[in-house]
file upload.txt (compact mmCIF, C-alpha atoms)
# COMPACT_ATOMS: atom_id res chain seq x y z
CA MET A 1461 16.45 121.29 8.02
CA LYS A 1462 19.13 121.53 10.69
CA ASN A 1463 19.58 125.28 10.55
CA ILE A 1464 16.35 127.03 11.51
CA GLU A 1465 18.03 130.34 10.77
CA ASN A 1466 17.40 129.59 7.08
CA ILE A 1467 13.77 130.48 7.69
CA ALA A 1468 12.64 134.02 6.84
CA TRP A 1469 11.72 134.87 10.44
CA GLU A 1470 12.02 138.64 10.05
CA LYS A 1471 9.85 138.61 6.94
CA MET A 1472 7.15 136.75 8.90
CA ASN A 1473 7.47 138.87 12.07
CA GLY A 1474 8.81 135.91 13.99
CA LEU A 1475 5.85 133.58 13.33
CA ILE A 1476 5.81 131.12 10.46
CA PRO A 1477 2.66 129.34 9.24
CA VAL A 1478 2.70 125.55 9.55
CA ILE A 1479 0.55 123.20 7.48
CA THR A 1480 0.06 119.86 9.23
CA GLN A 1481 -0.68 116.71 7.22
CA ASP A 1482 -1.49 113.14 8.14
CA SER A 1483 1.61 111.17 7.14
CA THR A 1484 -0.43 108.19 5.93
CA THR A 1485 -3.31 109.80 4.02
CA ASN A 1486 -1.79 113.25 3.27
CA GLU A 1487 -5.04 114.79 4.58
CA VAL A 1488 -4.52 118.38 5.75
CA LEU A 1489 -5.27 118.38 9.47
CA MET A 1490 -4.72 121.98 10.53
CA LEU A 1491 -2.89 125.26 10.08
CA ALA A 1492 -0.99 126.79 12.99
CA TYR A 1493 2.10 128.90 13.69
CA MET A 1494 5.56 128.38 15.13
CA ASP A 1495 8.20 130.71 16.44
CA LYS A 1496 11.86 129.69 16.72
CA GLU A 1497 11.43 128.15 20.15
CA ALA A 1498 8.37 126.12 19.11
CA LEU A 1499 10.19 124.82 16.04
CA ASP A 1500 13.27 123.98 18.11
CA LEU A 1501 11.08 122.03 20.57
CA THR A 1502 9.37 120.26 17.68
CA LEU A 1503 12.72 119.22 16.24
CA SER A 1504 14.21 118.12 19.55
CA THR A 1505 11.17 116.25 20.95
CA LYS A 1506 9.76 114.96 17.65
CA PHE A 1507 6.30 116.10 18.73
CA ALA A 1508 4.54 119.14 17.28
CA HIS A 1509 4.75 122.34 19.30
CA TYR A 1510 3.09 125.56 18.14
CA PHE A 1511 2.87 129.19 19.21
CA SER A 1512 -0.70 130.13 20.10
CA ARG A 1513 -1.57 133.71 19.19
CA SER A 1514 -4.64 133.69 21.44
CA LYS A 1515 -2.77 132.16 24.40
CA GLN A 1516 0.45 134.06 23.61
CA ARG A 1517 2.56 131.06 24.53
CA ILE A 1518 4.05 127.86 23.15
CA TRP A 1519 1.85 124.80 23.48
CA LYS A 1520 2.45 121.16 22.73
CA LYS A 1521 -0.30 119.78 20.53
CA GLY A 1522 -2.37 117.50 22.73
CA GLU A 1523 -1.06 118.85 26.04
CA GLU A 1524 -4.63 118.83 27.42
CA SER A 1525 -6.48 116.43 25.13
CA GLY A 1526 -3.74 113.83 24.69
CA HIS A 1527 -4.21 114.10 20.91
CA THR A 1528 -0.53 114.54 20.11
CA GLN A 1529 1.24 114.77 16.75
CA GLU A 1530 4.40 112.72 16.33
CA ILE A 1531 6.69 114.18 13.68
CA VAL A 1532 7.49 112.09 10.60
CA GLU A 1533 8.85 114.76 8.28
CA ILE A 1534 9.37 118.53 8.22
CA MET A 1535 9.60 120.41 4.92
CA LEU A 1536 10.40 124.06 4.19
CA ASP A 1537 8.86 125.76 1.14
CA CYS A 1538 10.71 127.53 -1.69
CA ASP A 1539 10.32 131.00 -0.14
CA ASN A 1540 11.57 129.85 3.28
CA ASP A 1541 8.43 131.23 4.92
CA THR A 1542 6.09 128.24 5.32
CA ILE A 1543 6.58 124.81 6.87
CA LEU A 1544 4.82 121.56 6.04
CA ILE A 1545 4.93 118.86 8.69
CA LYS A 1546 3.75 115.28 8.28
CA VAL A 1547 2.66 113.64 11.50
CA ILE A 1548 1.25 110.54 13.11
CA GLN A 1549 -1.93 111.94 14.62
CA GLU A 1550 -2.98 110.47 17.95
CA GLY A 1551 -6.75 110.88 18.21
CA VAL A 1552 -8.05 113.90 16.29
CA ALA A 1553 -6.50 117.22 15.29
CA CYS A 1554 -9.51 119.51 15.78
CA HIS A 1555 -10.87 120.67 19.14
CA THR A 1556 -14.37 119.92 17.79
CA GLY A 1557 -13.55 116.20 17.80
CA ARG A 1558 -13.12 115.96 14.04
CA LYS A 1559 -9.99 114.54 12.47
CA SER A 1560 -9.29 117.73 10.50
CA CYS A 1561 -9.96 121.38 11.27
CA PHE A 1562 -11.15 121.82 7.67
CA PHE A 1563 -14.69 120.46 7.63
CA THR A 1564 -16.98 123.28 6.40
CA ASN A 1565 -17.70 123.89 2.71
CA LEU A 1566 -17.37 127.66 2.26
CA GLU A 1567 -19.90 127.90 -0.59
CA THR A 1568 -22.64 125.66 0.81
CA ASN A 1569 -21.83 125.88 4.55
CA GLU A 1570 -22.15 122.07 4.57
CA ILE A 1571 -20.34 120.14 7.32
CA ILE A 1572 -18.47 117.45 5.41
CA SER A 1573 -17.10 115.37 8.31
CA GLU A 1574 -18.59 114.01 11.50
CA VAL A 1575 -17.36 114.32 15.07
CA GLU A 1576 -15.22 111.27 15.86
CA VAL A 1577 -14.31 111.99 19.50
CA ASN A 1578 -16.18 113.82 22.24
CA THR A 1579 -13.52 116.32 23.33
CA SER A 1580 -15.67 118.33 25.75
CA ASN A 1581 -14.28 116.42 28.74
CA LYS A 1582 -10.71 117.07 27.62
CA TYR A 1583 -10.81 120.82 28.23
CA SER A 1584 -11.84 123.06 31.11
CA VAL A 1585 -15.30 124.66 31.14
CA LEU A 1586 -13.78 128.06 30.30
CA ASP A 1587 -11.79 126.64 27.37
CA ASN A 1588 -14.89 124.90 26.02
CA LEU A 1589 -16.90 128.10 26.42
CA PHE A 1590 -14.22 130.07 24.58
CA HIS A 1591 -14.30 127.61 21.66
CA VAL A 1592 -18.11 127.72 21.51
CA ILE A 1593 -18.13 131.53 21.51
CA GLN A 1594 -15.58 131.64 18.70
CA ASP A 1595 -17.63 129.13 16.73
CA ARG A 1596 -20.66 131.43 17.03
CA LYS A 1597 -18.93 134.37 15.31
CA ASN A 1598 -20.28 133.44 11.89
CA ASP A 1599 -23.77 132.39 13.03
CA ASP A 1600 -26.89 134.35 12.16
CA PRO A 1601 -27.16 137.18 14.75
CA LYS A 1602 -30.95 136.81 14.58
CA LYS A 1603 -30.67 133.22 15.81
CA SER A 1604 -27.66 133.43 18.12
CA TYR A 1605 -27.39 135.81 21.07
CA THR A 1606 -23.61 135.28 21.16
CA SER A 1607 -23.31 136.16 17.47
CA LYS A 1608 -25.47 139.22 18.06
CA LEU A 1609 -23.09 140.40 20.77
CA LEU A 1610 -20.00 139.70 18.68
CA ASN A 1611 -21.32 141.31 15.52
CA GLY A 1612 -23.15 144.23 17.09
CA LYS A 1613 -21.82 147.51 18.37
CA GLU A 1614 -18.96 147.07 20.82
CA ASN A 1615 -20.55 149.49 23.30
CA SER A 1616 -23.62 147.24 23.54
CA MET A 1617 -21.41 144.27 24.43
CA LEU A 1618 -19.53 146.31 27.03
CA LYS A 1619 -22.74 147.67 28.57
CA LYS A 1620 -23.85 144.08 29.18
CA ILE A 1621 -20.69 143.42 31.20
CA VAL A 1622 -21.34 146.50 33.34
CA GLU A 1623 -24.98 145.45 33.74
CA GLU A 1624 -24.09 141.90 34.80
CA ALA A 1625 -21.41 143.17 37.20
CA GLY A 1626 -24.00 145.41 38.82
CA GLU A 1627 -26.49 142.55 39.18
CA PHE A 1628 -23.79 140.38 40.73
CA THR A 1629 -22.91 143.03 43.30
CA PHE A 1630 -26.58 143.43 44.25
CA ALA A 1631 -26.83 139.65 44.71
CA VAL A 1632 -23.82 139.76 47.03
CA LYS A 1633 -25.30 142.71 48.92
CA ASP A 1634 -28.57 140.80 49.33
CA ASP A 1635 -26.65 137.72 50.51
CA ASN A 1636 -28.52 135.59 47.95
CA SER A 1637 -26.22 132.69 47.15
CA GLU A 1638 -28.30 131.32 44.26
CA GLU A 1639 -28.44 134.73 42.59
CA MET A 1640 -24.70 135.21 43.21
CA ILE A 1641 -23.93 132.00 41.31
CA TYR A 1642 -26.38 132.81 38.50
CA GLU A 1643 -25.18 136.40 38.08
CA ALA A 1644 -21.51 135.40 38.36
CA ALA A 1645 -22.06 132.91 35.51
CA ASP A 1646 -23.67 135.68 33.42
CA LEU A 1647 -20.75 137.99 34.18
CA VAL A 1648 -18.18 135.35 33.24
CA TYR A 1649 -20.03 134.55 30.00
CA HIS A 1650 -20.24 138.19 28.87
CA THR A 1651 -16.61 138.79 29.85
CA MET A 1652 -15.61 135.74 27.81
CA VAL A 1653 -17.50 137.09 24.80
CA ALA A 1654 -15.51 140.33 25.04
CA LEU A 1655 -12.24 138.38 25.32
CA ALA A 1656 -13.18 136.20 22.34
CA SER A 1657 -13.99 139.31 20.29
CA LYS A 1658 -10.32 140.26 20.75
CA ASN A 1659 -9.09 136.65 20.29
CA ILE A 1660 -7.76 136.51 23.83
CA SER A 1661 -7.84 132.97 25.23
CA PRO A 1662 -8.80 132.38 28.89
CA ASP A 1663 -5.43 130.67 29.11
CA ARG A 1664 -3.87 134.13 29.28
CA ILE A 1665 -5.99 134.97 32.33
CA LYS A 1666 -4.79 131.75 33.95
CA GLN A 1667 -1.18 132.73 33.14
CA GLU A 1668 -1.67 136.15 34.72
CA LEU A 1669 -3.23 134.66 37.86
CA ALA A 1670 -0.36 132.15 38.10
CA ARG A 1671 2.11 135.03 37.78
CA ARG A 1672 0.58 136.69 40.83
CA PHE A 1673 0.94 133.66 43.12
CA GLY A 1674 3.34 134.49 45.94
CA MET A 1675 3.07 138.22 45.24
CA SER A 1676 1.16 140.60 47.48
CA GLY A 1677 -1.59 142.69 45.92
CA ILE A 1678 0.28 145.87 46.80
CA ASP A 1679 3.49 144.67 45.15
CA GLU A 1680 1.57 143.56 42.05
CA LYS A 1681 -0.08 146.96 41.64
CA ASN A 1682 3.23 148.75 42.18
CA SER A 1683 4.90 146.56 39.53
CA ARG A 1684 2.29 147.67 37.01
CA LYS A 1685 2.91 151.33 37.84
CA GLU A 1686 6.65 150.83 37.25
CA GLU A 1687 5.95 149.36 33.82

call {"tool": "encode", "arguments": {"input": "upload.txt", "output": "structure tokens"}}
result
Amino acid sequence: MKNIENIAWEKMNGLIPVITQDSTTNEVLMLAYMDKEALDLTLSTKFAHYFSRSKQRIWKKGEESGHTQEIVEIMLDCDNDTILIKVIQEGVACHTGRKSCFFTNLETNEIISEVEVNTSNKYSVLDNLFHVIQDRKNDDPKKSYTSKLLNGKENSMLKKIVEEAGEFTFAVKDDNSEEMIYEAADLVYHTMVALASKNISPDRIKQELARRFGMSGIDEKNSRKEE
């Protein structure tokens, strides 16, 4: 597949689904997306690159965890709108530490594969928190506070952010360092829940903060007004 223009990019709004298989066992490891640049990088480097919709950027599989995917074969389907890639998987494909992202039986809710690698130390605290929050979306709201927030009325979730922000400011006003830390953690958690409800990765916050380095606060605010 030398000419990536053969792909129906316009039909797929610039993002094409990619099914990733283990080249030895043919086990389906994951489903992700590529844009033209990600596919071009995949072809040129021979390592899988995807476009993350939550991060809104291209990422090399394993860039944080080291669990890379070396390309063996890339196939295009009959409608030119889906790619199948066969890879040599280094480590595991799923952020949960399982080999495949497909491990839950939809009908029985049974977990059919065990965690093979502890990946918690491979990601930042915020990234781990984001993954945990997303995993809670389908939990019973009666048993999970996070699920209750995610599945309840949006105004209730937003009120909690305002409440926690208020408690943090009072802790600062009272010069209580322990309360500042505790309330700041609550504020970050509830803010992360709101971001996860909109599928916005904390990586995008990091990108925005990085963009502001070397720029004065006044210039940054003026640039937003111009936009």

call {"tool": "closest_atom_pairs", "arguments": {"input": "upload.txt", "of": "range 1499-1538 of chain A", "to": "range 1488-1494 of chain A", "cutoff": "6 Å", "atoms": "all atoms listed in the file", "output": "tab-separated table"}}
result
residue	atom	partner	partner_atom	distance
A:Leu1499	CA	A:Met1494	CA	5.9
A:Tyr1510	CA	A:Met1494	CA	4.8
A:Phe1511	CA	A:Met1494	CA	5.0

call {"tool": "atom_distance", "arguments": {"input": "upload.txt", "atom1": "CA of Met1472 in chain A", "atom2": "CA of Asn1598 in chain A"}}
result
27.8 Å

call {"tool": "atom_distance", "arguments": {"input": "upload.txt", "atom1": "CA of Phe1563 in chain A", "atom2": "CA of Gln1529 in chain A"}}
result
19.2 Å

call {"tool": "atom_distance", "arguments": {"input": "upload.txt", "atom1": "CA of Pro1662 in chain A", "atom2": "CA of Ser1514 in chain A"}}
result
8.6 Å

call {"tool": "residues_around", "arguments": {"input": "upload.txt", "residues": "range 1606-1623 of chain A", "least_positions_apart": "5", "cutoff": "6 Å", "atoms": "all atoms listed in the file", "output": "MDAnalysis selection string"}}
result
chainID A and resid 1596:1597 1599 1601 1650

call {"tool": "closest_residue", "arguments": {"input": "upload.txt", "among": "A:Phe1507, A:Tyr1583, A:Phe1673, A:Trp1519", "to": "Val1547 in chain A", "atoms": "all atoms listed in the file"}}
result
A:Phe1507

call {"tool": "closest_residue", "arguments": {"input": "upload.txt", "among": "A:Thr1485, A:Thr1505, A:Asn1569, A:Gln1516", "to": "Gln1549 in chain A", "atoms": "all atoms listed in the file"}}
result
A:Thr1485

call {"tool": "closest_residue", "arguments": {"input": "upload.txt", "among": "A:Asp1541, A:Asp1595, A:Glu1668, A:Glu1624", "to": "Tyr1649 in chain A", "atoms": "all atoms listed in the file"}}
result
A:Glu1624

call {"tool": "closest_residue", "arguments": {"input": "upload.txt", "among": "A:Leu1589, A:Ile1518, A:Ile1665, A:Val1552", "to": "Glu1497 in chain A", "atoms": "all atoms listed in the file"}}
result
A:Ile1518

call {"tool": "closest_residue", "arguments": {"input": "upload.txt", "among": "A:Asn1473, A:Ser1604, A:Asn1466, A:Thr1579", "to": "Asp1495 in chain A", "atoms": "all atoms listed in the file"}}
result
A:Asn1473

call {"tool": "closest_residue", "arguments": {"input": "upload.txt", "among": "A:Asn1581, A:Arg1517, A:Ala1654, A:Glu1627", "to": "Ile1641 in chain A", "atoms": "all atoms listed in the file"}}
result
A:Glu1627

call {"tool": "residues_around", "arguments": {"input": "upload.txt", "residues": "Leu1536 in chain A", "least_positions_apart": "2", "cutoff": "10 Å", "atoms": "all atoms listed in the file", "output": "list in words"}}
result
Met1461, Ile1464, Asn1466, Ile1467, Val1478, Ile1534, Cys1538, Asp1539, Asn1540, Asp1541, Thr1542, Ile1543, Leu1544 and Ile1545 of chain A

call {"tool": "decode", "arguments": {"input": "upload.txt", "residues": "range 1599-1614 of chain A", "atoms": "N, CA, C and O atoms", "output": "PDB file, in the first residue's frame"}}
result
ATOM      1  N   ASP A1599     -19.881   1.290  35.571  1.00  0.00           N
ATOM      2  CA  ASP A1599     -20.114   0.679  36.884  1.00  0.00           C
ATOM      3  C   ASP A1599     -21.485   1.071  37.432  1.00  0.00           C
ATOM      4  O   ASP A1599     -22.127   2.017  36.951  1.00  0.00           O
ATOM      5  N   ASP A1600     -21.928   0.343  38.417  1.00  0.00           N
ATOM      6  CA  ASP A1600     -23.206   0.634  39.072  1.00  0.00           C
ATOM      7  C   ASP A1600     -23.093   1.950  39.837  1.00  0.00           C
ATOM      8  O   ASP A1600     -22.284   2.068  40.763  1.00  0.00           O
ATOM      9  N   PRO A1601     -23.897   2.969  39.470  1.00  0.00           N
ATOM     10  CA  PRO A1601     -23.837   4.267  40.165  1.00  0.00           C
ATOM     11  C   PRO A1601     -24.116   4.172  41.663  1.00  0.00           C
ATOM     12  O   PRO A1601     -23.703   5.044  42.425  1.00  0.00           O
ATOM     13  N   LYS A1602     -24.797   3.091  42.091  1.00  0.00           N
ATOM     14  CA  LYS A1602     -25.085   2.918  43.508  1.00  0.00           C
ATOM     15  C   LYS A1602     -23.849   2.452  44.271  1.00  0.00           C
ATOM     16  O   LYS A1602     -23.791   2.579  45.498  1.00  0.00           O
ATOM     17  N   LYS A1603     -22.876   1.907  43.541  1.00  0.00           N
ATOM     18  CA  LYS A1603     -21.674   1.375  44.181  1.00  0.00           C
ATOM     19  C   LYS A1603     -20.421   2.202  43.874  1.00  0.00           C
ATOM     20  O   LYS A1603     -19.389   2.003  44.510  1.00  0.00           O
ATOM     21  N   SER A1604     -20.516   3.078  42.898  1.00  0.00           N
ATOM     22  CA  SER A1604     -19.347   3.860  42.493  1.00  0.00           C
ATOM     23  C   SER A1604     -19.699   5.344  42.458  1.00  0.00           C
ATOM     24  O   SER A1604     -20.577   5.764  41.699  1.00  0.00           O
ATOM     25  N   TYR A1605     -19.010   6.131  43.269  1.00  0.00           N
ATOM     26  CA  TYR A1605     -19.241   7.579  43.301  1.00  0.00           C
ATOM     27  C   TYR A1605     -18.893   8.203  41.953  1.00  0.00           C
ATOM     28  O   TYR A1605     -19.600   9.093  41.458  1.00  0.00           O
ATOM     29  N   THR A1606     -17.804   7.716  41.333  1.00  0.00           N
ATOM     30  CA  THR A1606     -17.390   8.243  40.034  1.00  0.00           C
ATOM     31  C   THR A1606     -18.460   7.977  38.992  1.00  0.00           C
ATOM     32  O   THR A1606     -18.815   8.859  38.200  1.00  0.00           O
ATOM     33  N   SER A1607     -18.993   6.748  38.977  1.00  0.00           N
ATOM     34  CA  SER A1607     -20.064   6.411  38.044  1.00  0.00           C
ATOM     35  C   SER A1607     -21.300   7.256  38.289  1.00  0.00           C
ATOM     36  O   SER A1607     -21.983   7.688  37.355  1.00  0.00           O
ATOM     37  N   LYS A1608     -21.587   7.521  39.552  1.00  0.00           N
ATOM     38  CA  LYS A1608     -22.742   8.355  39.911  1.00  0.00           C
ATOM     39  C   LYS A1608     -22.583   9.758  39.329  1.00  0.00           C
ATOM     40  O   LYS A1608     -23.540  10.334  38.786  1.00  0.00           O
ATOM     41  N   LEU A1609     -21.377  10.299  39.430  1.00  0.00           N
ATOM     42  CA  LEU A1609     -21.117  11.619  38.863  1.00  0.00           C
ATOM     43  C   LEU A1609     -21.255  11.612  37.342  1.00  0.00           C
ATOM     44  O   LEU A1609     -21.853  12.518  36.752  1.00  0.00           O
ATOM     45  N   LEU A1610     -20.691  10.583  36.719  1.00  0.00           N
ATOM     46  CA  LEU A1610     -20.674  10.507  35.259  1.00  0.00           C
ATOM     47  C   LEU A1610     -22.056  10.249  34.666  1.00  0.00           C
ATOM     48  O   LEU A1610     -22.366  10.718  33.569  1.00  0.00           O
ATOM     49  N   ASN A1611     -22.867   9.508  35.399  1.00  0.00           N
ATOM     50  CA  ASN A1611     -24.174   9.123  34.869  1.00  0.00           C
ATOM     51  C   ASN A1611     -25.328   9.950  35.435  1.00  0.00           C
ATOM     52  O   ASN A1611     -26.480   9.739  35.063  1.00  0.00           O
ATOM     53  N   GLY A1612     -25.008  10.865  36.322  1.00  0.00           N
ATOM     54  CA  GLY A1612     -26.041  11.723  36.892  1.00  0.00           C
ATOM     55  C   GLY A1612     -26.242  12.971  36.058  1.00  0.00           C
ATOM     56  O   GLY A1612     -25.776  13.079  34.910  1.00  0.00           O
ATOM     57  N   LYS A1613     -26.931  13.937  36.628  1.00  0.00           N
ATOM     58  CA  LYS A1613     -27.162  15.188  35.919  1.00  0.00           C
ATOM     59  C   LYS A1613     -25.864  15.982  35.866  1.00  0.00           C
ATOM     60  O   LYS A1613     -25.124  16.062  36.837  1.00  0.00           O
ATOM     61  N   GLU A1614     -25.599  16.567  34.688  1.00  0.00           N
ATOM     62  CA  GLU A1614     -24.342  17.295  34.501  1.00  0.00           C
ATOM     63  C   GLU A1614     -24.198  18.438  35.500  1.00  0.00           C
ATOM     64  O   GLU A1614     -23.114  18.707  35.999  1.00  0.00           O
TER      65      GLU A1614
END
